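The file model.cif contains mmCIF, C-alpha atoms and all ligand atoms:
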data_data
loop_
_atom_site.group_PDB
_atom_site.id
_atom_site.type_symbol
_atom_site.label_atom_id
_atom_site.label_comp_id
_atom_site.auth_asym_id
_atom_site.auth_seq_id
_atom_site.Cartn_x
_atom_site.Cartn_y
_atom_site.Cartn_z
ATOM 1 C CA MET F 21 98.317 132.083 11.522
ATOM 2 C CA PRO F 22 100.047 129.795 8.990
ATOM 3 C CA LYS F 23 97.812 127.614 6.893
ATOM 4 C CA HIS F 24 96.941 124.551 8.898
ATOM 5 C CA THR F 25 94.649 121.677 8.080
ATOM 6 C CA VAL F 26 92.415 120.509 10.889
ATOM 7 C CA ALA F 27 90.795 117.089 11.216
ATOM 8 C CA MET F 28 87.755 116.794 13.465
ATOM 9 C CA LEU F 29 87.881 113.169 14.573
ATOM 10 C CA GLY F 30 84.390 112.328 15.819
ATOM 11 C CA THR F 31 82.210 115.251 14.920
ATOM 12 C CA GLY F 32 79.373 115.323 17.406
ATOM 13 C CA LYS F 33 77.904 118.312 19.240
ATOM 14 C CA MET F 34 81.138 119.776 20.608
ATOM 15 C CA ALA F 35 83.343 119.238 17.554
ATOM 16 C CA GLU F 36 80.559 120.589 15.347
ATOM 17 C CA ALA F 37 80.444 123.764 17.467
ATOM 18 C CA VAL F 38 84.223 124.137 17.015
ATOM 19 C CA LEU F 39 83.926 123.405 13.303
ATOM 20 C CA ALA F 40 81.186 126.012 12.876
ATOM 21 C CA GLY F 41 83.221 128.490 14.926
ATOM 22 C CA LEU F 42 86.307 127.983 12.760
ATOM 23 C CA LEU F 43 84.322 128.453 9.547
ATOM 24 C CA ARG F 44 82.679 131.586 10.970
ATOM 25 C CA SER F 45 86.070 132.998 11.887
ATOM 26 C CA GLY F 46 87.559 132.678 8.418
ATOM 27 C CA TRP F 47 88.897 129.162 8.103
ATOM 28 C CA SER F 48 87.992 127.757 4.708
ATOM 29 C CA ALA F 49 86.241 124.441 4.217
ATOM 30 C CA ASP F 50 89.282 123.105 2.351
ATOM 31 C CA GLN F 51 91.361 123.461 5.562
ATOM 32 C CA LEU F 52 88.986 121.152 7.405
ATOM 33 C CA VAL F 53 88.239 117.460 7.178
ATOM 34 C CA VAL F 54 85.781 115.706 9.438
ATOM 35 C CA THR F 55 85.007 112.152 10.426
ATOM 36 C CA ALA F 56 81.785 110.608 11.659
ATOM 37 C CA ARG F 57 80.868 107.137 12.821
ATOM 38 C CA ARG F 58 77.547 107.071 10.998
ATOM 39 C CA PRO F 59 77.374 107.814 7.263
ATOM 40 C CA ALA F 60 74.167 109.830 7.741
ATOM 41 C CA ARG F 61 75.962 112.120 10.193
ATOM 42 C CA GLY F 62 78.843 112.545 7.743
ATOM 43 C CA ALA F 63 76.425 113.481 4.960
ATOM 44 C CA GLU F 64 74.693 115.975 7.236
ATOM 45 C CA LEU F 65 78.020 117.689 8.072
ATOM 46 C CA ALA F 66 79.130 117.766 4.428
ATOM 47 C CA GLU F 67 75.861 119.362 3.395
ATOM 48 C CA ARG F 68 75.715 121.838 6.282
ATOM 49 C CA TYR F 69 79.353 123.030 6.150
ATOM 50 C CA GLY F 70 80.726 122.009 2.736
ATOM 51 C CA VAL F 71 83.553 120.084 4.437
ATOM 52 C CA THR F 72 85.092 116.830 3.254
ATOM 53 C CA VAL F 73 84.159 113.712 5.207
ATOM 54 C CA VAL F 74 86.754 110.946 5.280
ATOM 55 C CA GLY F 75 87.696 107.991 7.456
ATOM 56 C CA ASN F 76 89.696 108.478 10.650
ATOM 57 C CA THR F 77 93.029 107.242 9.276
ATOM 58 C CA GLU F 78 92.768 109.355 6.127
ATOM 59 C CA ALA F 79 91.848 112.407 8.210
ATOM 60 C CA ALA F 80 94.835 111.820 10.504
ATOM 61 C CA GLU F 81 97.058 111.536 7.449
ATOM 62 C CA ARG F 82 95.744 114.656 5.720
ATOM 63 C CA ALA F 83 95.640 117.120 8.617
ATOM 64 C CA ASP F 84 98.393 118.532 10.805
ATOM 65 C CA ILE F 85 96.056 119.392 13.714
ATOM 66 C CA LEU F 86 93.994 116.441 14.937
ATOM 67 C CA VAL F 87 91.056 117.414 17.124
ATOM 68 C CA ILE F 88 89.758 114.507 19.202
ATOM 69 C CA GLY F 89 86.000 115.074 19.418
ATOM 70 C CA VAL F 90 84.781 111.649 20.536
ATOM 71 C CA LYS F 91 83.406 110.844 23.980
ATOM 72 C CA PRO F 92 86.143 109.889 26.465
ATOM 73 C CA GLN F 93 84.859 106.298 26.385
ATOM 74 C CA ASP F 94 85.548 106.134 22.597
ATOM 75 C CA ALA F 95 88.967 107.774 22.683
ATOM 76 C CA ALA F 96 91.127 104.664 23.181
ATOM 77 C CA ALA F 97 89.567 102.905 20.175
ATOM 78 C CA LEU F 98 90.042 105.995 18.026
ATOM 79 C CA LEU F 99 93.681 106.326 19.079
ATOM 80 C CA GLY F 100 94.223 102.648 18.279
ATOM 81 C CA GLU F 101 92.926 103.367 14.783
ATOM 82 C CA ILE F 102 94.863 106.553 14.018
ATOM 83 C CA GLY F 103 98.007 105.845 16.069
ATOM 84 C CA PRO F 104 100.150 104.664 13.128
ATOM 85 C CA LYS F 105 99.405 107.950 11.287
ATOM 86 C CA VAL F 106 100.302 110.226 14.185
ATOM 87 C CA SER F 107 103.885 111.484 14.032
ATOM 88 C CA ALA F 108 105.693 114.138 16.054
ATOM 89 C CA ASN F 109 104.892 116.794 13.410
ATOM 90 C CA LYS F 110 101.139 116.472 14.093
ATOM 91 C CA LEU F 111 99.431 118.326 16.900
ATOM 92 C CA VAL F 112 96.776 116.381 18.817
ATOM 93 C CA VAL F 113 94.129 118.593 20.428
ATOM 94 C CA SER F 114 91.806 116.779 22.812
ATOM 95 C CA LEU F 115 88.360 118.128 23.636
ATOM 96 C CA CYS F 116 87.670 115.183 25.964
ATOM 97 C CA ALA F 117 86.517 115.761 29.521
ATOM 98 C CA GLY F 118 88.674 114.074 32.128
ATOM 99 C CA LEU F 119 91.283 112.511 29.861
ATOM 100 C CA THR F 120 94.813 113.687 30.553
ATOM 101 C CA THR F 121 97.452 114.442 27.952
ATOM 102 C CA GLY F 122 99.259 111.422 29.402
ATOM 103 C CA PHE F 123 96.334 109.206 28.376
ATOM 104 C CA PHE F 124 96.917 110.261 24.754
ATOM 105 C CA ALA F 125 100.721 110.201 24.928
ATOM 106 C CA ASP F 126 100.595 106.625 26.281
ATOM 107 C CA ARG F 127 98.534 105.503 23.296
ATOM 108 C CA LEU F 128 100.340 107.368 20.532
ATOM 109 C CA PRO F 129 103.726 106.549 19.046
ATOM 110 C CA GLY F 130 106.854 108.552 19.789
ATOM 111 C CA ASP F 131 106.594 111.973 21.348
ATOM 112 C CA ALA F 132 103.314 113.089 19.775
ATOM 113 C CA PRO F 133 102.513 116.564 21.125
ATOM 114 C CA VAL F 134 99.144 116.754 22.853
ATOM 115 C CA ILE F 135 97.188 119.827 23.915
ATOM 116 C CA ARG F 136 94.230 119.464 26.282
ATOM 117 C CA VAL F 137 91.406 121.875 25.626
ATOM 118 C CA MET F 138 88.185 122.399 27.520
ATOM 119 C CA THR F 139 85.814 124.547 25.539
ATOM 120 C CA ASN F 140 82.022 124.845 25.542
ATOM 121 C CA THR F 141 79.117 124.839 23.112
ATOM 122 C CA PRO F 142 78.805 128.652 22.769
ATOM 123 C CA ALA F 143 81.783 128.184 20.384
ATOM 124 C CA LEU F 144 78.970 127.860 17.866
ATOM 125 C CA ILE F 145 78.291 131.593 18.145
ATOM 126 C CA GLY F 146 81.792 132.884 18.882
ATOM 127 C CA GLU F 147 81.200 133.053 22.657
ATOM 128 C CA ALA F 148 83.085 130.005 23.890
ATOM 129 C CA MET F 149 85.174 129.891 27.021
ATOM 130 C CA THR F 150 88.203 127.765 26.223
ATOM 131 C CA ALA F 151 90.926 126.692 28.635
ATOM 132 C CA ILE F 152 94.118 125.290 27.150
ATOM 133 C CA SER F 153 96.942 123.202 28.646
ATOM 134 C CA ALA F 154 100.066 121.815 27.046
ATOM 135 C CA GLY F 155 100.966 118.183 27.556
ATOM 136 C CA PRO F 156 104.531 116.976 28.164
ATOM 137 C CA HIS F 157 105.635 116.860 24.500
ATOM 138 C CA ALA F 158 103.953 120.074 23.313
ATOM 139 C CA THR F 159 106.127 123.125 22.758
ATOM 140 C CA GLY F 160 105.218 126.718 23.575
ATOM 141 C CA GLU F 161 104.825 127.286 19.850
ATOM 142 C CA GLN F 162 102.325 124.427 19.567
ATOM 143 C CA LEU F 163 100.389 125.744 22.552
ATOM 144 C CA ALA F 164 100.226 129.103 20.766
ATOM 145 C CA VAL F 165 98.916 127.402 17.595
ATOM 146 C CA ALA F 166 96.081 125.805 19.583
ATOM 147 C CA GLU F 167 95.379 129.102 21.294
ATOM 148 C CA GLU F 168 95.203 130.980 17.972
ATOM 149 C CA MET F 169 92.810 128.348 16.697
ATOM 150 C CA PHE F 170 90.396 128.799 19.601
ATOM 151 C CA LYS F 171 90.712 132.588 20.071
ATOM 152 C CA PRO F 172 88.205 133.515 17.349
ATOM 153 C CA LEU F 173 85.693 131.138 18.958
ATOM 154 C CA GLY F 174 85.433 133.249 22.115
ATOM 155 C CA ALA F 175 87.667 133.834 25.125
ATOM 156 C CA THR F 176 90.703 131.688 25.900
ATOM 157 C CA VAL F 177 92.794 131.122 28.991
ATOM 158 C CA ARG F 178 95.883 129.004 29.640
ATOM 159 C CA VAL F 179 95.680 126.800 32.741
ATOM 160 C CA PRO F 180 97.976 124.173 34.238
ATOM 161 C CA GLU F 181 96.641 120.776 33.282
ATOM 162 C CA TYR F 182 95.836 119.780 36.877
ATOM 163 C CA GLN F 183 93.131 122.487 36.882
ATOM 164 C CA GLN F 184 91.304 121.103 33.838
ATOM 165 C CA ASP F 185 88.802 118.962 35.775
ATOM 166 C CA ALA F 186 87.730 122.060 37.717
ATOM 167 C CA VAL F 187 87.497 124.020 34.463
ATOM 168 C CA THR F 188 85.343 121.247 33.013
ATOM 169 C CA ALA F 189 82.983 121.520 35.993
ATOM 170 C CA LEU F 190 82.782 125.301 35.728
ATOM 171 C CA SER F 191 82.819 126.391 32.085
ATOM 172 C CA GLY F 192 82.679 123.094 30.168
ATOM 173 C CA SER F 193 79.424 122.021 31.801
ATOM 174 C CA GLY F 194 78.499 125.601 32.758
ATOM 175 C CA PRO F 195 76.086 126.350 29.898
ATOM 176 C CA ALA F 196 73.869 123.501 31.122
ATOM 177 C CA TYR F 197 73.500 125.093 34.570
ATOM 178 C CA PHE F 198 72.397 128.392 33.054
ATOM 179 C CA TYR F 199 69.953 126.643 30.704
ATOM 180 C CA LEU F 200 68.452 124.766 33.660
ATOM 181 C CA MET F 201 68.035 128.033 35.533
ATOM 182 C CA VAL F 202 66.373 129.655 32.524
ATOM 183 C CA GLU F 203 64.076 126.662 32.075
ATOM 184 C CA ALA F 204 63.027 126.773 35.738
ATOM 185 C CA MET F 205 62.434 130.546 35.614
ATOM 186 C CA ILE F 206 60.220 130.181 32.542
ATOM 187 C CA ASP F 207 58.171 127.554 34.372
ATOM 188 C CA ALA F 208 57.942 129.919 37.323
ATOM 189 C CA GLY F 209 56.633 132.648 35.012
ATOM 190 C CA VAL F 210 53.957 130.253 33.794
ATOM 191 C CA LEU F 211 53.071 129.435 37.418
ATOM 192 C CA LEU F 212 52.582 133.165 37.984
ATOM 193 C CA GLY F 213 50.125 133.259 35.094
ATOM 194 C CA LEU F 214 52.228 134.525 32.173
ATOM 195 C CA PRO F 215 51.845 132.961 28.737
ATOM 196 C CA ARG F 216 54.810 130.617 28.141
ATOM 197 C CA GLN F 217 56.057 132.580 25.126
ATOM 198 C CA VAL F 218 56.052 135.827 27.095
ATOM 199 C CA ALA F 219 57.803 134.176 30.052
ATOM 200 C CA HIS F 220 60.401 132.755 27.648
ATOM 201 C CA GLU F 221 61.131 136.153 26.102
ATOM 202 C CA LEU F 222 61.343 137.889 29.492
ATOM 203 C CA VAL F 223 63.738 135.322 30.934
ATOM 204 C CA VAL F 224 66.004 134.964 27.898
ATOM 205 C CA GLN F 225 66.439 138.728 27.467
ATOM 206 C CA THR F 226 67.017 139.120 31.207
ATOM 207 C CA ALA F 227 69.705 136.423 31.032
ATOM 208 C CA VAL F 228 71.354 138.081 28.027
ATOM 209 C CA GLY F 229 71.212 141.553 29.593
ATOM 210 C CA SER F 230 72.623 140.300 32.892
ATOM 211 C CA ALA F 231 75.427 138.360 31.176
ATOM 212 C CA VAL F 232 76.462 141.289 28.976
ATOM 213 C CA MET F 233 76.430 143.639 31.984
ATOM 214 C CA LEU F 234 78.545 141.220 34.001
ATOM 215 C CA ARG F 235 81.090 140.993 31.222
ATOM 216 C CA ASP F 236 81.136 144.581 29.999
ATOM 217 C CA SER F 237 80.799 146.533 33.246
ATOM 218 C CA GLY F 238 83.586 144.618 34.949
ATOM 219 C CA GLU F 239 81.603 144.998 38.197
ATOM 220 C CA HIS F 240 81.577 142.271 40.811
ATOM 221 C CA PRO F 241 78.332 140.234 40.718
ATOM 222 C CA VAL F 242 77.619 141.187 44.335
ATOM 223 C CA LYS F 243 77.521 144.868 43.377
ATOM 224 C CA LEU F 244 75.239 144.189 40.404
ATOM 225 C CA ARG F 245 72.929 142.088 42.589
ATOM 226 C CA GLU F 246 72.797 144.764 45.277
ATOM 227 C CA ALA F 247 71.772 147.333 42.661
ATOM 228 C CA VAL F 248 68.668 145.233 41.914
ATOM 229 C CA THR F 249 67.788 144.576 45.556
ATOM 230 C CA SER F 250 65.625 147.350 47.025
ATOM 231 C CA PRO F 251 65.075 147.606 50.801
ATOM 232 C CA ALA F 252 61.987 145.591 51.750
ATOM 233 C CA GLY F 253 61.463 144.950 48.043
ATOM 234 C CA THR F 254 60.608 142.034 45.784
ATOM 235 C CA THR F 255 64.157 140.892 45.013
ATOM 236 C CA ALA F 256 65.085 140.525 48.698
ATOM 237 C CA ALA F 257 61.982 138.372 49.195
ATOM 238 C CA ALA F 258 63.000 136.118 46.301
ATOM 239 C CA LEU F 259 66.678 135.930 47.320
ATOM 240 C CA ARG F 260 65.695 134.821 50.810
ATOM 241 C CA GLU F 261 63.789 131.898 49.299
ATOM 242 C CA LEU F 262 66.774 130.971 47.100
ATOM 243 C CA GLU F 263 69.064 131.000 50.151
ATOM 244 C CA ASN F 264 66.483 129.061 52.197
ATOM 245 C CA HIS F 265 66.501 126.401 49.494
ATOM 246 C CA GLY F 266 70.274 126.161 49.540
ATOM 247 C CA VAL F 267 71.059 127.411 46.044
ATOM 248 C CA ARG F 268 74.666 128.287 46.935
ATOM 249 C CA ALA F 269 75.285 124.961 48.632
ATOM 250 C CA ALA F 270 73.675 123.171 45.699
ATOM 251 C CA LEU F 271 76.074 124.881 43.288
ATOM 252 C CA LEU F 272 79.098 124.031 45.422
ATOM 253 C CA SER F 273 78.026 120.377 45.549
ATOM 254 C CA ALA F 274 77.136 120.300 41.861
ATOM 255 C CA LEU F 275 80.516 121.606 40.776
ATOM 256 C CA GLU F 276 82.361 119.250 43.095
ATOM 257 C CA ALA F 277 80.351 116.383 41.608
ATOM 258 C CA ALA F 278 81.229 117.461 38.058
ATOM 259 C CA ARG F 279 84.930 117.832 38.937
ATOM 260 C CA ASP F 280 84.935 114.425 40.627
ATOM 261 C CA ARG F 281 83.131 112.819 37.705
ATOM 262 C CA ALA F 282 85.817 114.119 35.314
ATOM 263 C CA ALA F 283 88.499 112.476 37.442
ATOM 264 C CA GLN F 284 86.402 109.300 37.693
ATOM 265 C CA ILE F 285 86.036 109.105 33.891
ATOM 266 C CA ALA F 286 89.818 109.241 33.560
ATOM 267 C CA GLY F 287 90.110 106.435 36.141
ATOM 268 C CA GLU F 288 87.550 104.273 34.323
ATOM 269 C CA MET F 289 89.432 104.705 31.052
ATOM 270 C CA ARG F 290 92.701 103.579 32.675
ATOM 271 C CA GLN F 291 91.136 100.248 33.742
HETATM 272 N N1 LIG K 1 78.942 118.693 24.736
HETATM 273 C C1 LIG K 1 79.634 119.603 25.420
HETATM 274 O O1 LIG K 1 79.110 120.647 25.833
HETATM 275 C C2 LIG K 1 81.088 119.400 25.699
HETATM 276 C C3 LIG K 1 81.736 118.230 25.359
HETATM 277 N N2 LIG K 1 83.069 118.076 25.599
HETATM 278 C C4 LIG K 1 83.777 116.853 25.196
HETATM 279 O O2 LIG K 1 83.622 116.731 23.807
HETATM 280 C C5 LIG K 1 83.608 115.353 23.439
HETATM 281 C C6 LIG K 1 82.372 115.093 22.596
HETATM 282 O O3 LIG K 1 81.206 115.352 23.338
HETATM 283 P P1 LIG K 1 79.836 115.585 22.571
HETATM 284 O O4 LIG K 1 80.105 116.346 21.332
HETATM 285 O O5 LIG K 1 78.895 116.101 23.578
HETATM 286 O O6 LIG K 1 79.455 114.067 22.225
HETATM 287 P P2 LIG K 1 78.777 113.511 20.904
HETATM 288 O O7 LIG K 1 78.359 112.125 21.199
HETATM 289 O O8 LIG K 1 77.786 114.487 20.397
HETATM 290 O O9 LIG K 1 79.996 113.483 19.868
HETATM 291 C C7 LIG K 1 80.921 112.445 19.721
HETATM 292 C C8 LIG K 1 80.879 112.023 18.280
HETATM 293 O O10 LIG K 1 81.950 111.127 18.008
HETATM 294 C C9 LIG K 1 81.453 110.133 17.136
HETATM 295 N N3 LIG K 1 82.354 108.990 17.204
HETATM 296 C C10 LIG K 1 82.523 108.100 18.209
HETATM 297 N N4 LIG K 1 83.485 107.206 17.890
HETATM 298 C C11 LIG K 1 83.913 107.537 16.652
HETATM 299 C C12 LIG K 1 84.892 106.995 15.786
HETATM 300 N N5 LIG K 1 85.626 105.941 16.121
HETATM 301 N N6 LIG K 1 85.072 107.591 14.585
HETATM 302 C C13 LIG K 1 84.354 108.674 14.225
HETATM 303 N N7 LIG K 1 83.406 109.232 14.993
HETATM 304 C C14 LIG K 1 83.200 108.674 16.213
HETATM 305 C C15 LIG K 1 80.069 109.861 17.628
HETATM 306 O O11 LIG K 1 79.320 109.181 16.666
HETATM 307 P P3 LIG K 1 77.802 108.688 16.967
HETATM 308 O O12 LIG K 1 76.975 109.888 16.583
HETATM 309 O O13 LIG K 1 77.618 107.526 16.092
HETATM 310 O O14 LIG K 1 77.730 108.363 18.431
HETATM 311 C C16 LIG K 1 79.577 111.299 17.905
HETATM 312 O O15 LIG K 1 79.054 111.880 16.734
HETATM 313 C C17 LIG K 1 83.596 114.565 24.735
HETATM 314 O O16 LIG K 1 84.868 114.014 24.947
HETATM 315 C C18 LIG K 1 83.216 115.578 25.803
HETATM 316 O O17 LIG K 1 83.832 115.293 27.027
HETATM 317 C C19 LIG K 1 83.806 119.076 26.157
HETATM 318 C C20 LIG K 1 83.214 120.244 26.515
HETATM 319 C C21 LIG K 1 81.806 120.496 26.365
HETATM 320 O O1 LIG K 2 78.927 116.370 30.259
HETATM 321 C C1 LIG K 2 80.075 116.160 29.827
HETATM 322 O O2 LIG K 2 80.719 115.185 30.224
HETATM 323 C C2 LIG K 2 80.677 117.102 28.817
HETATM 324 C C3 LIG K 2 81.967 117.690 29.306
HETATM 325 C C4 LIG K 2 81.676 119.103 29.653
HETATM 326 C C5 LIG K 2 80.348 119.306 29.110
HETATM 327 N N1 LIG K 2 79.825 118.224 28.615
#
Structure re-expressed in structure tokens:
Amino acid sequence: MPKHTVAMLGTGKMAEAVLAGLLRSGWSADQLVVTARRPARGAELAERYGVTVVGNTEAAERADILVIGVKPQDAAALLGEIGPKVSANKLVVSLCAGLTTGFFADRLPGDAPVIRVMTNTPALIGEAMTAISAGPHATGEQLAVAEEMFKPLGATVRVPEYQQDAVTALSGSGPAYFYLMVEAMIDAGVLLGLPRQVAHELVVQTAVGSAVMLRDSGEHPVKLREAVTSPAGTTAAALRELENHGVRAALLSALEAARDRAAQIAGEMRQ
């Protein structure tokens, strides 16, 4: 990959995970500049990663890839600030849930190329799931640049932009669903009389083992679940309770709600 300079504009939790992932995968600190709204946050990032912290306009000037890491609600103000520095030879990469490439194109001068990315926090450890879509002014080459940038952070997939709200619901927010499940299982272990630390270790390693098996065996989850479920055994008893309590229906509703919220955010930002 040619030497690019990346600006993280608004370096909160998600942009920090991307920043850490890039540094882990061989990008050098001098290829990265970051911005923060609060000076204390900037100082923290400089100390933790050895990166240069500058203002938004200077970052937009210095870098050729501009990663938009602010909340969707803060994006318009940020674009207003950096707009004059964004020319067609810059690549704008949005991490924002809900916001379309059109939202950015409408607020940037000329034909600024925009790539919409939905990644997730496991980028921090090289296990992200990142979905990438090119906006109207982005070339295939620019899409490939964004893809190369995110590949070392985990897995990547190209999707048509209209699918990005569904992606956001599934893999963008996805880590939170698994963490909730783990949290609830640990509490259940405590209810059954296990010390919390023991319950924590049992659940976390079971989650890791199950996830690695899912990925590496290539087996369908139904087959893996059936292998655990003995006739008249303990697992069948537990699964019946999960079905009785509507776990599948809850997931369907939850993901629809997340997808709809992404679309709603975009609508709110247009007003
Ligand atoms: N968290 C996640 O798992 C995921 C998040 N995303 C997307 O990533 C984006 C960021 O989310 P997240 O990291 O969770 O949110 P955070 O609030 O942690 O990060 C946003 C950061 O931007 C800073 N900021 C806001 N305005 C400016 C500005 N004008 N100049 C410089 N910095 C600014 C904020 O500063 P301050 O600290 O002062 O508020 C904050 O540090 C969102 O658009 C979200 O949709 C996408 C996928 C997953
Ligand atoms: O909750 C959110 O809106 C962001 C987007 C996906 C994950 N976190």
Run through the PyMOL selection byres (((not hetatm)) within 8 of (chain K and resi 1)) on the given coordinates and return the selected residues as a VMD selection string.
chain F and resid 29 to 36 55 to 58 61 75 to 76 88 to 95 97 to 98 101 114 to 118 138 to 141 188 192 to 193 195 to 196
Listed atoms of range 102-109 of chain F boxed axis-aligned with 8 Å per side, centre + edges as JSON:
{"center_x": 100.3, "center_y": 110.7, "center_z": 13.7, "size_x": 26.8, "size_y": 28.1, "size_z": 20.8}
Of the candidates F:Ala80, F:Leu272, F:Val26, F:Ala286, which shows the shortest atom-to-atom distance to ligand LIG 2 (chain K), using all atoms listed in the file?
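Comparing F:Ala80, F:Leu272, F:Val26, F:Ala286 against ligand LIG 2 (chain K), the winner is F:Ala286.
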Which one is closest to Gln162 in chain F: F:Asn109, F:Gln51, F:Thr72, F:Thr121? Count only C-alpha atoms.
F:Asn109
Using all atoms listed in the file for the distances, tell me which of F:Ala256, F:Ala277, F:Ala175, F:Ile145 is nearest to ligand LIG 2 (chain K).
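Under the stated criterion, the closest residue is F:Ala277.
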Atom-to-atom span, CA of Pro142 in chain F and CA of Ala37 in chain F, Å
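CA of Pro142 in chain F sits 7.4 Å away from CA of Ala37 in chain F.
Atom pair CA of Asp185 in chain F / CA of Ala164 in chain F has a distance of 21.4 Å (rounded to one decimal).
Here the question is which of F:Leu190, F:Leu211, F:Val202, F:Met233 gets nearest to ligand LIG 2 (chain K) using all atoms listed in the file, and that residue is F:Leu190.
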How many Å lie between CA of Pro180 in chain F and CA of Val112 in chain F, rounded to one decimal?
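We find that CA of Pro180 in chain F and CA of Val112 in chain F lie 17.3 Å from each other.
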Pick out the residues sitting within 12 Å of Gly100 in chain F, and hand them over as JSON, numbers by chain; count all atoms listed in the file, and ignore anything fewer than 6 positions along from it in its own chain.
{"F": [76, 77, 94, 106, 124, 125, 126, 127, 128, 129]}
Pick from F:Leu43, F:Ala186, F:Ala269, F:Leu173, whichever lies nearest to ligand LIG 2 (chain K) using all atoms listed in the file
F:Ala186
Select all residues near (88.9, 119.6, 11.3) (cut-off 8 Å, inclusive, file coordinates), counting all atoms listed in the file, and output them as a VMD selection string.
chain F and resid 25 to 29 39 51 to 54 83 85 to 87
Generate the output file for the selected residues, C-alpha atoms, as a tab-separated table (two decimals), in the frame of the given file.
chain	number	residue	atom	x	y	z
F	25	THR	CA	94.65	121.68	8.08
F	26	VAL	CA	92.42	120.51	10.89
F	27	ALA	CA	90.80	117.09	11.22
F	28	MET	CA	87.76	116.79	13.46
F	29	LEU	CA	87.88	113.17	14.57
F	39	LEU	CA	83.93	123.40	13.30
F	51	GLN	CA	91.36	123.46	5.56
F	52	LEU	CA	88.99	121.15	7.40
F	53	VAL	CA	88.24	117.46	7.18
F	54	VAL	CA	85.78	115.71	9.44
F	83	ALA	CA	95.64	117.12	8.62
F	85	ILE	CA	96.06	119.39	13.71
F	86	LEU	CA	93.99	116.44	14.94
F	87	VAL	CA	91.06	117.41	17.12
For range 151-161 of chain F, work out the shell of residues within 7 Å, counting all atoms listed in the file and skipping chain neighbours fewer than 2 positions away, then give it as a list in words.
Thr121, Asp131, Ala132, Pro133, Val134, Ile135, Arg136, Val137, Met138, Thr139, Met149, Leu163, Ala164, Val165, Thr176, Val177, Arg178, Val179, Pro180 and Glu181 of chain F
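Proximity to ligand LIG 2 (chain K) was assessed for F:Val242, F:Glu221, F:Arg216, F:Ala189 counting only C-alpha atoms and all ligand atoms; the smallest distance is recorded for F:Ala189.
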